[in-house]
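**Student:** query-v7.cif (mmCIF, C-alpha atoms and all ligand atoms) pasted underneath:
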```cif
data_input
loop_
_atom_site.group_PDB
_atom_site.id
_atom_site.type_symbol
_atom_site.label_atom_id
_atom_site.label_comp_id
_atom_site.auth_asym_id
_atom_site.auth_seq_id
_atom_site.Cartn_x
_atom_site.Cartn_y
_atom_site.Cartn_z
ATOM 1 C CA MET A 1 0.000 0.000 0.000
ATOM 2 C CA PHE A 2 1.469 3.319 -1.104
ATOM 3 C CA THR A 3 0.465 6.368 0.817
ATOM 4 C CA GLY A 4 1.601 9.982 1.115
ATOM 5 C CA GLY A 5 0.470 13.532 0.503
ATOM 6 C CA PRO A 6 -1.507 14.736 -2.504
ATOM 7 C CA GLY A 7 0.733 15.001 -5.563
ATOM 8 C CA VAL A 8 3.604 13.080 -4.005
ATOM 9 C CA GLY A 9 3.653 10.647 -6.947
ATOM 10 C CA LYS A 10 2.080 7.540 -5.429
ATOM 11 C CA GLY A 11 0.748 6.356 -8.779
ATOM 12 C CA THR A 12 4.027 6.978 -10.598
ATOM 13 C CA GLN A 13 6.032 5.226 -7.879
ATOM 14 C CA CYS A 14 3.674 2.230 -7.997
ATOM 15 C CA GLU A 15 4.325 1.853 -11.711
ATOM 16 C CA LEU A 16 8.092 2.108 -11.191
ATOM 17 C CA ALA A 17 8.016 -0.276 -8.231
ATOM 18 C CA THR A 18 6.124 -2.861 -10.284
ATOM 19 C CA GLU A 19 8.856 -2.765 -12.950
ATOM 20 C CA GLU A 20 11.630 -3.016 -10.334
ATOM 21 C CA LEU A 21 9.916 -5.924 -8.543
ATOM 22 C CA LYS A 22 9.571 -7.759 -11.838
ATOM 23 C CA LYS A 23 13.343 -7.447 -12.363
ATOM 24 C CA SER A 24 14.230 -8.860 -8.950
ATOM 25 C CA PHE A 25 11.518 -11.431 -8.209
ATOM 26 C CA ASP A 26 9.604 -14.147 -9.924
ATOM 27 C CA ILE A 27 6.318 -12.319 -10.442
ATOM 28 C CA ARG A 28 3.383 -14.172 -11.995
ATOM 29 C CA SER A 29 0.966 -11.267 -11.993
ATOM 30 C CA SER A 30 0.865 -7.657 -10.898
ATOM 31 C CA LEU A 31 -2.047 -5.370 -10.276
ATOM 32 C CA HIS A 32 -1.824 -1.633 -9.629
ATOM 33 C CA ILE A 33 -4.944 -0.109 -8.142
ATOM 34 C CA SER A 34 -5.414 3.599 -7.511
ATOM 35 C CA ALA A 35 -8.032 4.144 -4.796
ATOM 36 C CA GLY A 36 -8.569 7.691 -6.097
ATOM 37 C CA GLU A 37 -9.205 6.405 -9.642
ATOM 38 C CA LEU A 38 -11.681 3.814 -8.386
ATOM 39 C CA LEU A 39 -13.574 6.561 -6.589
ATOM 40 C CA ARG A 40 -13.397 8.884 -9.601
ATOM 41 C CA SER A 41 -14.973 6.105 -11.691
ATOM 42 C CA ILE A 42 -18.098 6.457 -9.511
ATOM 43 C CA THR A 43 -18.421 10.102 -10.616
ATOM 44 C CA LYS A 44 -19.304 8.757 -14.086
ATOM 45 C CA LEU A 45 -22.143 6.673 -12.664
ATOM 46 C CA PRO A 46 -25.002 8.953 -11.574
ATOM 47 C CA GLU A 47 -27.103 5.849 -10.946
ATOM 48 C CA HIS A 48 -24.675 4.636 -8.254
ATOM 49 C CA GLU A 49 -26.341 4.720 -4.825
ATOM 50 C CA ARG A 50 -23.438 6.641 -3.251
ATOM 51 C CA TYR A 51 -22.833 8.901 -6.317
ATOM 52 C CA HIS A 52 -23.581 12.250 -4.617
ATOM 53 C CA GLU A 53 -21.598 11.420 -1.507
ATOM 54 C CA VAL A 54 -18.536 10.351 -3.524
ATOM 55 C CA CYS A 55 -18.695 13.401 -5.846
ATOM 56 C CA GLU A 56 -19.034 15.729 -2.873
ATOM 57 C CA ASN A 57 -16.015 14.234 -1.084
ATOM 58 C CA LEU A 58 -13.850 14.323 -4.205
ATOM 59 C CA LYS A 59 -14.778 17.918 -4.914
ATOM 60 C CA ASN A 60 -13.961 18.908 -1.326
ATOM 61 C CA GLY A 61 -10.815 16.821 -0.956
ATOM 62 C CA THR A 62 -12.307 14.930 1.981
ATOM 63 C CA ILE A 63 -12.134 11.197 2.589
ATOM 64 C CA VAL A 64 -14.936 8.981 1.325
ATOM 65 C CA ASP A 65 -16.611 6.536 3.701
ATOM 66 C CA ALA A 66 -14.143 3.676 4.142
ATOM 67 C CA ARG A 67 -16.658 0.952 3.339
ATOM 68 C CA ILE A 68 -17.206 2.353 -0.169
ATOM 69 C CA THR A 69 -13.486 2.381 -0.955
ATOM 70 C CA THR A 70 -12.892 -1.021 0.635
ATOM 71 C CA ASP A 71 -15.744 -2.547 -1.395
ATOM 72 C CA LEU A 72 -14.315 -1.031 -4.601
ATOM 73 C CA LEU A 73 -10.844 -2.399 -3.815
ATOM 74 C CA ASN A 74 -12.247 -5.842 -3.037
ATOM 75 C CA ALA A 75 -14.225 -5.868 -6.283
ATOM 76 C CA ARG A 76 -11.172 -4.899 -8.333
ATOM 77 C CA ILE A 77 -9.038 -7.576 -6.664
ATOM 78 C CA ARG A 78 -11.760 -10.223 -7.152
ATOM 79 C CA GLU A 79 -11.913 -9.322 -10.844
ATOM 80 C CA HIS A 80 -8.129 -9.699 -11.119
ATOM 81 C CA VAL A 81 -8.127 -13.049 -9.286
ATOM 82 C CA SER A 82 -10.902 -14.380 -11.468
ATOM 83 C CA ASN A 83 -9.049 -13.320 -14.657
ATOM 84 C CA LEU A 84 -5.971 -15.003 -13.284
ATOM 85 C CA GLU A 85 -7.832 -18.213 -12.503
ATOM 86 C CA SER A 86 -9.200 -18.361 -16.004
ATOM 87 C CA THR A 87 -5.730 -17.888 -17.545
ATOM 88 C CA VAL A 88 -3.819 -20.241 -15.226
ATOM 89 C CA LYS A 89 -4.525 -23.548 -16.860
ATOM 90 C CA THR A 90 -1.917 -25.966 -15.558
ATOM 91 C CA VAL A 91 -0.239 -26.715 -12.248
ATOM 92 C CA LYS A 92 3.003 -25.552 -13.865
ATOM 93 C CA ASP A 93 1.492 -22.147 -14.645
ATOM 94 C CA ASN A 94 0.301 -22.005 -11.101
ATOM 95 C CA ASP A 95 3.878 -22.357 -9.864
ATOM 96 C CA MET A 96 5.123 -19.385 -11.795
ATOM 97 C CA GLY A 97 5.819 -16.934 -8.995
ATOM 98 C CA SER A 98 4.114 -14.432 -6.799
ATOM 99 C CA ASP A 99 1.098 -12.240 -7.394
ATOM 100 C CA ILE A 100 1.628 -8.667 -6.276
ATOM 101 C CA ILE A 101 -0.978 -6.017 -5.688
ATOM 102 C CA LEU A 102 0.071 -2.386 -5.305
ATOM 103 C CA VAL A 103 -2.568 -0.053 -4.013
ATOM 104 C CA ASP A 104 -1.973 3.669 -4.198
ATOM 105 C CA GLY A 105 -3.801 6.236 -2.102
ATOM 106 C CA PHE A 106 -4.986 3.797 0.538
ATOM 107 C CA PRO A 107 -5.216 3.809 3.517
ATOM 108 C CA ARG A 108 -5.850 7.544 3.921
ATOM 109 C CA ASN A 109 -7.036 7.503 7.511
ATOM 110 C CA MET A 110 -7.544 5.174 10.450
ATOM 111 C CA SER A 111 -11.053 4.333 9.325
ATOM 112 C CA ASN A 112 -9.726 3.193 5.888
ATOM 113 C CA TRP A 113 -7.203 1.000 7.632
ATOM 114 C CA GLU A 114 -9.613 -0.542 10.157
ATOM 115 C CA CYS A 115 -12.270 -1.152 7.525
ATOM 116 C CA TRP A 116 -9.724 -2.871 5.288
ATOM 117 C CA GLN A 117 -8.562 -5.115 8.103
ATOM 118 C CA GLU A 118 -12.140 -6.089 8.877
ATOM 119 C CA HIS A 119 -13.525 -6.530 5.374
ATOM 120 C CA CYS A 120 -10.684 -7.290 2.976
ATOM 121 C CA ASP A 121 -11.304 -10.413 0.913
ATOM 122 C CA ILE A 122 -7.708 -11.569 0.604
ATOM 123 C CA ASN A 123 -5.538 -13.192 3.172
ATOM 124 C CA THR A 124 -2.441 -11.020 3.283
ATOM 125 C CA THR A 125 -0.454 -8.739 5.542
ATOM 126 C CA PRO A 126 0.126 -5.578 3.558
ATOM 127 C CA SER A 127 3.245 -3.460 3.787
ATOM 128 C CA MET A 128 2.822 0.284 3.827
ATOM 129 C CA VAL A 129 5.172 2.575 1.909
ATOM 130 C CA PHE A 130 5.033 6.227 2.813
ATOM 131 C CA PHE A 131 6.295 8.992 0.508
ATOM 132 C CA ASP A 132 7.199 12.404 1.798
ATOM 133 C CA CYS A 133 7.936 15.566 -0.153
ATOM 134 C CA PRO A 134 8.186 19.301 0.643
ATOM 135 C CA ARG A 135 4.814 21.038 0.561
ATOM 136 C CA SER A 136 6.000 23.721 -1.872
ATOM 137 C CA VAL A 137 6.906 21.018 -4.425
ATOM 138 C CA LEU A 138 3.526 19.336 -3.999
ATOM 139 C CA LEU A 139 1.670 22.612 -4.432
ATOM 140 C CA ASN A 140 3.645 23.427 -7.547
ATOM 141 C CA ARG A 141 3.068 19.986 -9.037
ATOM 142 C CA LEU A 142 -0.660 19.896 -8.325
ATOM 143 C CA THR A 143 -1.195 23.413 -9.639
ATOM 144 C CA LYS A 144 0.559 22.475 -12.882
ATOM 145 C CA ARG A 145 -1.419 19.238 -13.119
ATOM 146 C CA GLY A 146 -4.633 21.216 -12.615
ATOM 147 C CA GLN A 147 -3.708 23.516 -15.494
ATOM 148 C CA THR A 148 -2.547 20.861 -17.927
ATOM 149 C CA SER A 149 -4.335 17.620 -17.114
ATOM 150 C CA THR A 150 -7.136 16.465 -19.331
ATOM 151 C CA SER A 151 -8.428 14.047 -16.696
ATOM 152 C CA TYR A 152 -11.774 14.479 -15.004
ATOM 153 C CA ARG A 153 -10.335 15.467 -11.621
ATOM 154 C CA THR A 154 -12.213 18.194 -9.824
ATOM 155 C CA ASP A 155 -9.709 18.699 -7.019
ATOM 156 C CA ASP A 156 -6.492 20.107 -8.532
ATOM 157 C CA ILE A 157 -7.527 23.688 -7.857
ATOM 158 C CA TYR A 158 -5.824 25.952 -5.344
ATOM 159 C CA ASP A 159 -8.455 26.023 -2.559
ATOM 160 C CA THR A 160 -9.073 22.282 -2.742
ATOM 161 C CA ILE A 161 -5.343 21.539 -2.836
ATOM 162 C CA LEU A 162 -4.972 23.415 0.473
ATOM 163 C CA LYS A 163 -7.916 21.472 1.927
ATOM 164 C CA ARG A 164 -6.306 18.201 0.816
ATOM 165 C CA PHE A 165 -3.073 19.188 2.579
ATOM 166 C CA SER A 166 -5.027 19.869 5.720
ATOM 167 C CA VAL A 167 -6.894 16.522 5.478
ATOM 168 C CA PHE A 168 -3.530 14.832 4.964
ATOM 169 C CA ASP A 169 -2.072 16.503 8.080
ATOM 170 C CA SER A 170 -5.032 15.697 10.270
ATOM 171 C CA THR A 171 -5.857 12.156 9.132
ATOM 172 C CA THR A 172 -3.179 10.473 6.983
ATOM 173 C CA LEU A 173 -0.123 11.592 8.924
ATOM 174 C CA PRO A 174 -1.438 10.317 12.309
ATOM 175 C CA LEU A 175 -2.145 6.946 10.650
ATOM 176 C CA VAL A 176 1.401 6.769 9.273
ATOM 177 C CA MET A 177 2.845 7.668 12.701
ATOM 178 C CA HIS A 178 0.700 4.983 14.306
ATOM 179 C CA TYR A 179 1.679 2.372 11.728
ATOM 180 C CA GLN A 180 5.387 3.228 12.075
ATOM 181 C CA LYS A 181 5.191 2.392 15.779
ATOM 182 C CA THR A 182 3.506 -1.010 15.313
HETATM 183 O O1 LIG B 201 -5.127 9.532 -4.305
HETATM 184 P P1 LIG B 201 -5.812 10.642 -5.070
HETATM 185 O O2 LIG B 201 -5.065 11.934 -5.006
HETATM 186 O O3 LIG B 201 -6.203 10.259 -6.459
HETATM 187 O O4 LIG B 201 -7.187 10.892 -4.277
HETATM 188 C C1 LIG B 201 -8.081 11.876 -4.730
HETATM 189 C C2 LIG B 201 -9.234 12.003 -3.773
HETATM 190 O O5 LIG B 201 -9.931 10.755 -3.681
HETATM 191 C C3 LIG B 201 -8.883 12.345 -2.331
HETATM 192 O O6 LIG B 201 -8.639 13.728 -2.146
HETATM 193 C C4 LIG B 201 -10.143 11.883 -1.602
HETATM 194 O O7 LIG B 201 -11.211 12.808 -1.801
HETATM 195 C C5 LIG B 201 -10.489 10.611 -2.384
HETATM 196 N N1 LIG B 201 -9.920 9.418 -1.735
HETATM 197 C C6 LIG B 201 -10.576 8.907 -0.620
HETATM 198 N N2 LIG B 201 -10.092 7.786 0.010
HETATM 199 C C7 LIG B 201 -8.980 7.184 -0.455
HETATM 200 C C8 LIG B 201 -8.307 7.684 -1.597
HETATM 201 C C9 LIG B 201 -8.801 8.811 -2.222
HETATM 202 O O8 LIG B 201 -11.581 9.449 -0.187
HETATM 203 N N3 LIG B 201 -8.510 6.105 0.186
HETATM 204 MG MG MG B 202 -2.809 9.404 -8.020
#
```
What does this structure look like when you write it as structure tokens?
**Tutor:**
Amino acid sequence: MFTGGPGVGKGTQCELATEELKKSFDIRSSLHISAGELLRSITKLPEHERYHEVCENLKNGTIVDARITTDLLNARIREHVSNLESTVKTVKDNDMGSDIILVDGFPRNMSNWECWQEHCDINTTPSMVFFDCPRSVLLNRLTKRGQTSTSYRTDDIYDTILKRFSVFDSTTLPLVMHYQKT
């Protein structure tokens, strides 16, 4: 699980880490999931029962109810496992190394973490990687991304960036501190 402040490059680092892991270990399959992207996919589904709640949180830079994000992560992992099962045809294939899952942007707060521990579908002990970066660099990066990106993000605007920093300080950082101690 890759966590860190907004704009720190969690997604980019996940991609790079996947390539590095493939060089050093026998990897059968890899899956990179961005919790933020999963949530943004809900903003294209007005019929979704939690549509308004998710859109509102994304627009405000606040953290979506943990059960929604956990359910989305579980569904994505189940889909991956089922694709894998349908492609692994022989015992030999089955022996071909580890399956790695890299999740970026999760957990974001203690509630994310507790909900995951209670409801996650897979039997694994995740490792958490935390990225840190000076705030001025993050602000610069996010402002540029807001001006140039063609994605459907609604949160790379100055006021929301500041709110996301404040959410990070008050909820993500305490989680990281807690996790570092355990
Ligand atoms: O990780 P990313 O920057 O893409 O997250 C964008 C937004 O998605 C966050 O500001 C937050 O509103 C929402 N989010 C969340 N819970 C997560 C990850 C992202 O609510 N675990
Ligand atoms: Mg990202």
**Student:** To check your reading of the model: which residues sit at most 6 Å from ligand LIG 201 (chain B) when counting only C-alpha atoms and all ligand atoms? Write the answer as a list in words.
**Tutor:**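 Residues lying within 6 Å of ligand LIG 201 (chain B): Pro6, Ala35, Gly36, Glu37, Asn57, Leu58, Gly61, Thr62, Ile63, Val64, Gly105, Phe106, Pro107, Arg108 and Arg164 of chain A.
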**Student:** Env of stretch 78-87 of chain A: 10 Å cut, atoms = all atoms listed in the file, seq-sep filter 6 positions within chain, self excluded. Answer as a ChimeraX atom specification.
**Tutor:** /A:28-31,72,93-94,99,101,121-122
**Student:** Given the file above and the PyMOL selection byres (((not hetatm)) within 10 of (chain B and resi 202)), which residues are selected, and can you give them as a PyMOL selection string?
**Tutor:** chain A and resi 3+6-14+33-37+104-105
**Student:** Store the residues picked out above, limited to C-alpha atoms, as an mmCIF file, in the frame of the given file.
**Tutor:**
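Result written to result_17.cif:
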```
data_model
loop_
_atom_site.group_PDB
_atom_site.id
_atom_site.type_symbol
_atom_site.label_atom_id
_atom_site.label_comp_id
_atom_site.auth_asym_id
_atom_site.auth_seq_id
_atom_site.Cartn_x
_atom_site.Cartn_y
_atom_site.Cartn_z
ATOM 1 C CA THR A 3 0.465 6.368 0.817
ATOM 2 C CA PRO A 6 -1.507 14.736 -2.504
ATOM 3 C CA GLY A 7 0.733 15.001 -5.563
ATOM 4 C CA VAL A 8 3.604 13.080 -4.005
ATOM 5 C CA GLY A 9 3.653 10.647 -6.947
ATOM 6 C CA LYS A 10 2.080 7.540 -5.429
ATOM 7 C CA GLY A 11 0.748 6.356 -8.779
ATOM 8 C CA THR A 12 4.027 6.978 -10.598
ATOM 9 C CA GLN A 13 6.032 5.226 -7.879
ATOM 10 C CA CYS A 14 3.674 2.230 -7.997
ATOM 11 C CA ILE A 33 -4.944 -0.109 -8.142
ATOM 12 C CA SER A 34 -5.414 3.599 -7.511
ATOM 13 C CA ALA A 35 -8.032 4.144 -4.796
ATOM 14 C CA GLY A 36 -8.569 7.691 -6.097
ATOM 15 C CA GLU A 37 -9.205 6.405 -9.642
ATOM 16 C CA ASP A 104 -1.973 3.669 -4.198
ATOM 17 C CA GLY A 105 -3.801 6.236 -2.102
#
```
**Student:** Using the chain letters and numbering of this document, enumerate as a list in words the residues selected by the PyMOL selection byres (((chain A and resi 140-145) around 7) and not hetatm).
**Tutor:**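 This file gives the following for the PyMOL selection byres (((chain A and resi 140-145) around 7) and not hetatm): Gly7, Ser136, Val137, Leu138, Leu139, Gly146, Gln147, Thr148, Ser149, Asp156, Ile157 and Tyr158 of chain A.
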**Student:** Distance atom CA of A:Ala66-atom CA of A:Asn112, one decimal place?
**Tutor:**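 Separation of atom CA of A:Ala66 and atom CA of A:Asn112: 4.8 Å.
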**Student:** Of the candidates A:Asp155, A:Glu47, A:Ser166, A:Lys181, which shows the shortest atom-to-atom distance to A:Asn60, using only C-alpha atoms?
**Tutor:**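 Between A:Asp155, A:Glu47, A:Ser166, A:Lys181, the residue approaching A:Asn60 most closely is A:Asp155.
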**Student:** Find the distance between atom CA of A:Tyr152 and atom CA of A:Ile100 and write it in Å to one decimal.
**Tutor:** 28.1 Å
**Student:** Just the number, please: distance in Å from atom CA of A:Ala17 to atom CA of A:Leu102, one decimal.
**Tutor:** 8.7 Å
**Student:** Of the candidates A:Gly4, A:Ser98, A:Leu45, A:Lys163, which shows the shortest atom-to-atom distance to A:Ser24, using all atoms listed in the file?
**Tutor:**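 Smallest separation from A:Ser24 among the options: A:Ser98.
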**Student:** Find the residues near A:Ile42: any atom within 9 Å, counting only C-alpha atoms, skip ones fewer than 4 places away on the same chain, and give them as a PyMOL selection string.
**Tutor:** chain A and resi 37-38+46+48+50-51+54-55
**Student:** Might you spell out which residues the PyMOL selection byres (((chain A and resi 67) around 10) and not hetatm) would select in the displayed file, as a list in words?
**Tutor:**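 With the PyMOL selection byres (((chain A and resi 67) around 10) and not hetatm) on this model, the match is Val64, Asp65, Ala66, Ile68, Thr69, Thr70, Asp71, Leu72, Leu73, Ser111, Asn112, Glu114, Cys115, Trp116 and His119 of chain A.
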**Student:** Looking at A:Glu15, A:Glu118, A:Gly5, A:Glu20, which one is nearest to A:Leu162, with distances taken over all atoms listed in the file?
**Tutor:**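 Once distances to A:Leu162 are computed over all atoms listed in the file, the minimum belongs to A:Gly5.
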**Student:** I'd like to know which of A:Val167, A:Cys120, A:Met96, A:Val176 is closest to A:Asp132, using only C-alpha atoms.
**Tutor:**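 Comparing A:Val167, A:Cys120, A:Met96, A:Val176 against A:Asp132, the winner is A:Val176.
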**Student:** Taking into account only C-alpha atoms, which residue in the set A:Thr154, A:Gln180, A:Thr171, A:Thr160 is nearest to A:Met128?
**Tutor:**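 Checking each of A:Thr154, A:Gln180, A:Thr171, A:Thr160 against A:Met128, counting only C-alpha atoms, the winner is A:Gln180.
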**Student:** Box for stretch 64-67 of chain A - axis-aligned, 5 Å on each of the six sides, all listed atoms - centre and size in Å to one decimal, as lines of an AutoDock Vina configuration file.
**Tutor:**
```
center_x = -15.4
center_y = 5.0
center_z = 2.7
size_x = 12.5
size_y = 18.0
size_z = 12.8
```
